[in-house]
$ cat entry_16.txt   # compact mmCIF, C-alpha atoms
# COMPACT_ATOMS: atom_id res chain seq x y z
CA MET K 1 31.20 285.53 78.85
CA ASP K 2 28.04 284.43 77.00
CA THR K 3 28.50 281.78 74.31
CA PRO K 4 27.63 283.36 70.94
CA MET K 5 24.42 282.12 69.31
CA PRO K 6 24.67 279.41 66.60
CA LEU K 7 25.40 280.91 63.18
CA THR K 8 23.46 280.50 59.95
CA PRO K 9 25.37 278.61 57.21
CA ALA K 10 25.86 281.86 55.22
CA VAL K 11 27.30 283.74 58.21
CA PHE K 12 29.48 280.78 59.21
CA TYR K 13 31.03 280.42 55.76
CA ILE K 14 31.55 284.18 55.35
CA LEU K 15 33.37 284.32 58.69
CA LEU K 16 35.39 281.26 57.68
CA ALA K 17 36.32 282.97 54.39
CA LEU K 18 37.46 286.09 56.25
CA ALA K 19 39.30 284.17 58.99
CA THR K 20 42.45 283.98 56.86
CA GLY K 21 42.51 287.57 55.65
CA GLU K 22 40.65 290.55 54.21
CA ARG K 23 38.59 289.85 51.10
CA HIS K 24 36.26 291.73 48.74
CA GLY K 25 32.78 290.57 47.73
CA TYR K 26 33.63 288.25 44.84
CA GLU K 27 36.59 286.72 46.72
CA ILE K 28 34.25 285.93 49.63
CA MET K 29 31.73 284.38 47.23
CA LYS K 30 34.39 282.16 45.60
CA GLN K 31 35.91 281.14 48.94
CA VAL K 32 32.48 280.19 50.35
CA LYS K 33 31.81 278.06 47.25
CA ARG K 34 35.17 276.30 47.69
CA ASP K 35 34.86 275.81 51.48
CA ALA K 36 31.32 274.46 51.26
CA ASN K 37 32.10 272.24 48.26
CA GLY K 38 29.21 273.89 46.44
CA ARG K 39 26.69 272.84 49.13
CA VAL K 40 25.97 276.44 50.16
CA LYS K 41 24.57 278.40 47.22
CA MET K 42 25.06 282.05 48.06
CA GLY K 43 24.09 284.57 45.41
CA ASN K 44 25.15 288.18 45.29
CA GLY K 45 22.00 289.50 46.98
CA THR K 46 22.07 286.90 49.74
CA MET K 47 25.73 287.60 50.45
CA TYR K 48 25.34 291.38 50.70
CA GLY K 49 22.27 290.94 52.91
CA SER K 50 24.37 288.78 55.24
CA LEU K 51 27.29 291.23 55.12
CA LYS K 52 24.92 294.06 56.04
CA ARG K 53 23.65 292.21 59.14
CA MET K 54 27.15 291.04 60.09
CA LEU K 55 28.39 294.65 59.94
CA ALA K 56 25.49 295.71 62.15
CA ASP K 57 26.25 292.88 64.62
CA GLY K 58 29.95 293.81 64.72
CA LEU K 59 31.12 290.43 63.38
CA ILE K 60 32.95 292.03 60.48
CA THR K 61 34.14 295.50 59.57
CA GLU K 62 34.95 297.33 56.36
CA ALA K 63 38.66 297.40 55.56
CA GLY K 64 38.67 300.13 52.93
CA ASP K 65 38.55 300.23 49.13
CA ARG K 66 41.50 299.14 47.03
CA ILE K 67 42.47 297.51 43.73
CA ASP K 68 42.69 293.73 43.47
CA PRO K 69 45.93 293.16 41.52
CA ASP K 70 44.61 289.80 40.24
CA LEU K 71 41.60 291.47 38.59
CA ASP K 72 41.30 294.85 36.88
CA ASP K 73 42.17 298.36 38.06
CA GLU K 74 38.79 299.04 39.68
CA ARG K 75 38.61 299.57 43.44
CA ARG K 76 36.69 297.07 45.56
CA ARG K 77 35.45 297.23 49.16
CA TYR K 78 37.31 294.80 51.43
CA TYR K 79 35.93 293.23 54.61
CA ARG K 80 37.74 292.04 57.72
CA ILE K 81 36.66 289.75 60.58
CA THR K 82 36.48 291.42 64.04
CA ASP K 83 37.35 289.92 67.43
CA ALA K 84 33.62 289.36 68.03
CA GLY K 85 33.41 287.59 64.66
CA ARG K 86 36.39 285.39 65.51
CA ASN K 87 34.80 284.50 68.88
CA ALA K 88 31.53 283.60 67.15
CA LEU K 89 33.38 281.46 64.59
CA ASN K 90 35.44 279.70 67.29
CA ALA K 91 32.30 279.00 69.32
CA GLU K 92 30.56 277.57 66.25
CA MET K 93 33.53 275.34 65.39
CA GLN K 94 33.68 274.20 69.04
CA ARG K 95 30.01 273.17 68.72
CA TYR K 96 30.82 271.21 65.56
CA LEU K 97 33.77 269.48 67.24
CA GLU K 98 31.67 268.56 70.29
CA THR K 99 28.93 267.18 68.02
CA ALA K 100 31.49 265.19 66.01
CA ALA K 101 32.99 263.81 69.26
CA LEU K 102 29.51 262.80 70.46
CA LEU K 103 28.74 261.05 67.15
CA ARG K 104 32.05 259.22 67.29
CA GLU K 105 31.46 258.24 70.95
CA ARG K 106 28.07 256.76 70.09
CA GLY K 107 29.29 255.04 66.95
CA LEU K 108 26.99 257.06 64.72
CA ILE K 109 29.64 257.80 62.09
CA ALA K 110 29.45 255.13 59.39
CA GLY K 111 32.51 252.92 59.33
CA ILE K 112 33.90 254.14 62.66
CA PRO K 113 33.06 251.97 65.71
CA ALA K 114 31.94 253.62 68.96
CA GLU K 115 34.75 254.52 71.36
CA GLY K 116 35.38 251.73 73.85
CA HIS K 117 33.91 249.13 71.46
CA ALA K 118 36.80 249.05 69.01
CA MET O 119 36.53 293.73 17.61
CA ASN O 120 38.66 291.15 19.47
CA ASP O 121 37.50 288.55 22.08
CA THR O 122 38.40 290.78 25.04
CA ASP O 123 36.36 293.69 23.66
CA ARG O 124 33.42 291.37 22.92
CA GLY O 125 33.64 289.99 26.48
CA ASP O 126 33.71 293.48 28.00
CA THR O 127 30.70 294.53 25.95
CA ALA O 128 28.76 291.44 27.05
CA THR O 129 29.73 292.11 30.67
CA GLU O 130 28.54 295.71 30.43
CA ARG O 131 25.27 294.58 28.85
CA ALA O 132 24.75 291.99 31.60
CA ALA O 133 25.66 294.62 34.23
CA ARG O 134 22.93 296.92 32.87
CA ARG O 135 20.41 294.09 33.26
CA TYR O 136 21.62 293.41 36.79
CA ALA O 137 21.45 297.14 37.62
CA ALA O 138 17.76 296.99 36.65
CA LEU O 139 17.29 294.06 39.06
CA LEU O 140 18.85 296.11 41.85
CA ARG O 141 15.75 298.33 41.74
CA LEU O 142 13.96 295.51 43.59
CA TYR O 143 15.93 296.36 46.74
CA PRO O 144 14.99 299.11 49.20
CA ALA O 145 16.56 302.49 48.39
CA GLU O 146 18.71 302.54 51.53
CA HIS O 147 20.14 299.08 50.72
CA ARG O 148 20.84 300.18 47.13
CA ARG O 149 22.61 303.33 48.32
CA THR O 150 24.87 301.36 50.69
CA PHE O 151 25.55 298.20 48.69
CA GLY O 152 24.34 298.87 45.11
CA ASP O 153 27.76 299.76 43.65
CA GLN O 154 29.48 296.86 45.41
CA MET O 155 26.79 294.42 44.28
CA LEU O 156 27.18 295.58 40.69
CA ARG O 157 30.99 295.32 40.93
CA THR O 158 30.76 291.79 42.37
CA PHE O 159 28.23 290.80 39.69
CA LYS O 160 30.63 291.97 36.95
CA ASP O 161 33.49 289.96 38.53
CA GLN O 162 31.27 286.89 38.72
CA TYR O 163 29.93 287.33 35.17
CA ARG O 164 33.41 287.75 33.70
CA ASP O 165 34.62 284.63 35.53
CA MET O 166 31.64 282.54 34.48
CA GLN O 167 31.98 283.79 30.90
CA THR O 168 35.62 282.66 30.83
CA GLN O 169 34.49 279.23 32.00
CA GLY O 170 31.68 279.20 29.45
CA GLU O 171 29.01 278.90 32.14
CA ILE O 172 26.78 281.81 31.14
CA GLY O 173 23.37 280.55 30.14
CA LEU O 174 19.75 280.31 31.17
CA SER O 175 20.56 278.57 34.47
CA PHE O 176 22.97 281.39 35.41
CA TRP O 177 20.33 284.07 34.82
CA LEU O 178 17.62 282.05 36.58
CA ALA O 179 19.89 281.76 39.63
CA VAL O 180 20.68 285.51 39.53
CA ILE O 181 17.02 286.51 39.19
CA GLY O 182 15.91 284.01 41.86
CA ASP O 183 18.52 285.29 44.29
CA ALA O 184 17.59 288.93 43.59
CA ILE O 185 13.88 288.27 44.17
CA ARG O 186 14.45 286.24 47.35
CA SER O 187 16.99 288.56 48.93
CA SER O 188 15.20 291.79 47.94
CA MET O 189 11.97 290.51 49.51
CA LYS O 190 13.90 289.75 52.69
CA GLU O 191 15.49 293.21 52.70
CA ARG O 192 12.12 294.87 52.09
CA ALA O 193 10.51 292.86 54.91
CA MET O 194 13.32 293.86 57.27
CA ALA O 195 13.12 297.51 56.23
CA LEU O 196 9.36 297.44 56.85
CA LYS O 197 9.89 295.85 60.26
CA ALA O 198 12.55 298.43 61.15
CA SER O 199 10.25 301.28 60.14
CA ARG O 200 7.67 300.01 62.70
CA ILE O 201 4.87 300.55 60.15
CA VAL O 202 3.60 297.02 60.78
CA ASP O 203 3.69 297.58 64.56
CA ALA O 204 1.75 300.82 64.17
CA VAL O 205 -0.91 299.18 61.95
CA VAL O 206 -1.35 296.24 64.36
CA VAL O 207 -1.61 298.47 67.45
CA THR O 208 -4.01 300.89 65.73
CA THR O 209 -6.21 297.95 64.66
CA ILE O 210 -6.22 296.46 68.19
CA ILE O 211 -7.13 299.81 69.80
CA SER O 212 -9.78 300.63 67.18
CA LEU O 213 -11.45 297.23 67.54
CA GLY O 214 -11.22 297.57 71.34
CA ASN O 215 -13.03 300.92 71.19
CA ILE O 216 -15.77 299.49 68.94
CA LEU O 217 -16.30 296.46 71.18
CA LEU O 218 -16.29 298.53 74.38
CA PHE O 219 -18.45 301.49 73.40
CA PRO O 220 -21.00 300.94 70.58
CA GLN O 221 -21.18 297.13 70.74
CA GLY O 222 -20.75 297.01 74.54
CA ILE O 223 -21.81 299.94 76.76
CA VAL O 224 -24.25 301.65 74.36
CA ALA O 225 -25.91 298.36 73.34
CA LEU O 226 -26.14 297.36 77.02
CA LEU O 227 -27.88 300.64 77.93
CA PHE O 228 -30.28 300.30 74.96
CA SER O 229 -31.06 296.74 76.02
CA ILE O 230 -31.62 297.63 79.70
CA PHE O 231 -33.82 300.66 78.92
CA HIS O 232 -35.60 298.88 76.03
CA VAL O 233 -34.73 301.54 73.48
CA ASP O 234 -36.30 300.46 70.22
CA VAL O 235 -33.23 301.02 68.05
CA ARG O 236 -31.13 298.19 66.68
CA SER O 237 -29.06 299.99 64.06
CA TRP O 238 -25.65 298.20 63.88
CA PHE O 239 -25.67 297.08 67.55
CA VAL O 240 -25.16 293.33 67.02
CA ALA O 241 -26.35 292.25 70.49
CA LEU O 242 -29.77 293.91 69.99
CA TYR O 243 -30.58 291.53 67.10
CA LEU O 244 -30.43 288.59 69.55
CA PRO O 245 -33.33 287.35 71.70
CA GLN O 246 -33.74 289.50 74.85
CA PRO O 247 -32.17 287.00 77.35
CA TYR O 248 -28.91 286.87 75.34
CA GLN O 249 -28.49 290.60 74.84
CA VAL O 250 -27.01 291.56 78.23
CA PRO O 251 -24.50 288.63 78.38
CA VAL O 252 -23.34 289.35 74.84
CA CYS O 253 -22.90 293.05 75.69
CA LEU O 254 -20.88 292.10 78.80
CA VAL O 255 -18.66 289.78 76.74
CA SER O 256 -18.18 292.59 74.22
CA ILE O 257 -17.22 295.03 77.03
CA THR O 258 -14.73 292.51 78.46
CA LEU O 259 -13.16 291.87 75.05
CA GLY O 260 -13.02 295.62 74.37
CA LEU O 261 -11.31 296.35 77.70
CA THR O 262 -8.81 293.51 77.12
CA GLN O 263 -7.95 294.80 73.65
CA LEU O 264 -7.57 298.38 74.85
CA TYR O 265 -5.34 297.20 77.71
CA ALA O 266 -3.19 295.15 75.30
CA GLY O 267 -3.00 297.94 72.69
CA TRP O 268 -2.10 300.72 75.12
CA SER O 269 0.38 298.46 76.93
CA ILE O 270 2.24 298.01 73.65
CA VAL O 271 2.15 301.77 73.03
CA LEU O 272 3.49 302.57 76.52
CA LYS O 273 6.16 299.87 76.21
CA GLN O 274 7.31 301.47 72.96
CA CYS O 275 7.22 304.87 74.64
CA THR O 276 9.76 303.73 77.24
CA GLN O 277 12.17 303.50 74.33
CA TRP O 278 11.40 307.05 73.25
CA ASP O 279 12.37 308.73 76.50
CA SER O 280 10.97 312.20 75.91
CA VAL O 281 7.55 310.98 74.72
CA GLY O 282 7.43 308.28 77.43
CA ASP O 283 8.34 310.75 80.18
CA ALA O 284 5.67 313.16 79.02
CA ILE O 285 2.96 310.47 78.99
CA ARG O 286 4.04 308.96 82.31
CA ALA O 287 4.12 312.41 83.93
CA ARG O 288 0.61 313.10 82.67
CA TRP O 289 -0.63 309.75 84.02
CA GLN O 290 0.98 310.35 87.40
CA LYS O 291 -0.75 313.77 87.85
$ encode --input "entry_16.txt" --output "structure tokens"
Amino acid sequence: MDTPMPLTPAVFYILLALATGERHGYEIMKQVKRDANGRVKMGNGTMYGSLKRMLADGLITEAGDRIDPDLDDERRRYYRITDAGRNALNAEMQRYLETAALLRERGLIAGIPAEGHA
Amino acid sequence: MNDTDRGDTATERAARRYAALLRLYPAEHRRTFGDQMLRTFKDQYRDMQTQGEIGLSFWLAVIGDAIRSSMKERAMALKASRIVDAVVVTTIISLGNILLFPQGIVALLFSIFHVDVRSWFVALYLPQPYQVPVCLVSITLGLTQLYAGWSIVLKQCTQWDSVGDAIRARWQK
């Protein structure tokens, strides 16, 4: 199977937000902000542009409209990660882990000596 | 009027402003995501209002995001509509025709037969020894552009089976 292409930060964090369950637009936005520690600034327009392309690429799917009991009684569209989305997310995290292992091996992480030189 | 009512009114007023910003997006994008974007904006506004974070920086971020993302959506819609492709290919083929015929073949014939007309034939304004080489360069460039332009058209046609089949059948006759 082909390894999925590297993801943009917006797509990565949206997939990460949906990895633990279905969410509506504002929940995704809040989760991305929390997961990225505020480093990824994703406005409403940027997020829906990304969702549109992720739907087209089959990374996510719509999961129907329903009321969020924590908010008001208005219905919101929920999104769910697909198997293809989960594969893409796993492949991206694998790339991160391999990069982190390489940095550790070469002693490029500040404060951590290279493996074999400890 | 209590605080909740005042908050709701402010949210509705802000939502009307945001709805105006949504006009920046292509119609198809608005039809699919407009309501959701407005809903999400209201959720965000209400949350930020509770935290006391509504101010100039909030609106600058909202407007900046709307401008950036709507331009991206419009560019993608334009690309998907193939208008840009059509304009580029038409320009290449038109320029190819001009270089091949009037600036190439016709100017070459006028130069060879010493026809005393210059009109807009660029090569004929040059000294006699340069006229034929310039015409030949023009013909070569024209042929190259026509080849490139029609190659793109035929490549596109392979994606539109019925049109492609018709053109290929005509070429194979």
$ interface_residues --input "entry_16.txt" --of "chain O" --to "chain K" --cutoff "7 Å" --atoms "all atoms listed in the file" --output "PyMOL selection string"
chain O and resi 155+158-159+161-162+180+183-184+187
$ residues_around --input "entry_16.txt" --residues "O:Leu217" --least-positions-apart "4" --cutoff "6 Å" --atoms "only C-alpha atoms" --output "PyMOL selection string"
chain O and resi 221-222+256+260
$ atom_distance --input "entry_16.txt" --atom1 "atom CA of K:Glu105" --atom2 "atom CA of K:Ala91"
20.8 Å
$ residues_around --input "entry_16.txt" --residues "stretch 10-22 of chain K" --least-positions-apart "6" --cutoff "8 Å" --atoms "only C-alpha atoms" --output "list in words"
Ile28, Gln31, Val32, Asp35, Ala36, Val40, Met42, Met47, Ser50, Met54, Ile60, Ala63, Tyr78, Tyr79, Arg80, Ile81, Gly85, Arg86, Leu89 and Glu92 of chain K
$ atom_distance --input "entry_16.txt" --atom1 "atom CA of O:Tyr143" --atom2 "atom CA of O:Met194"
11.1 Å
$ atom_distance --input "entry_16.txt" --atom1 "atom CA of O:Phe231" --atom2 "atom CA of O:Val255"
18.8 Å
$ residues_around --input "entry_16.txt" --residues "O:Ala266" --least-positions-apart "4" --cutoff "12 Å" --atoms "only C-alpha atoms" --output "PyMOL selection string"
chain O and resi 206-214+259-262+270-273
$ closest_residue --input "entry_16.txt" --among "O:Tyr136, O:Ile201, O:Tyr248, O:Thr150" --to "K:Leu55" --atoms "all atoms listed in the file"
O:Thr150
$ residues_around --input "entry_16.txt" --residues "O:Arg164" --least-positions-apart "6" --cutoff "12 Å" --atoms "all atoms listed in the file" --output "PyMOL selection string"
(chain K and resi 26+71-72) or (chain O and resi 122+124-133+157-158+170-172)
$ closest_residue --input "entry_16.txt" --among "O:Val235, O:Ala204, O:Val240, O:Gly182" --to "O:Gln274" --atoms "only C-alpha atoms"
O:Ala204
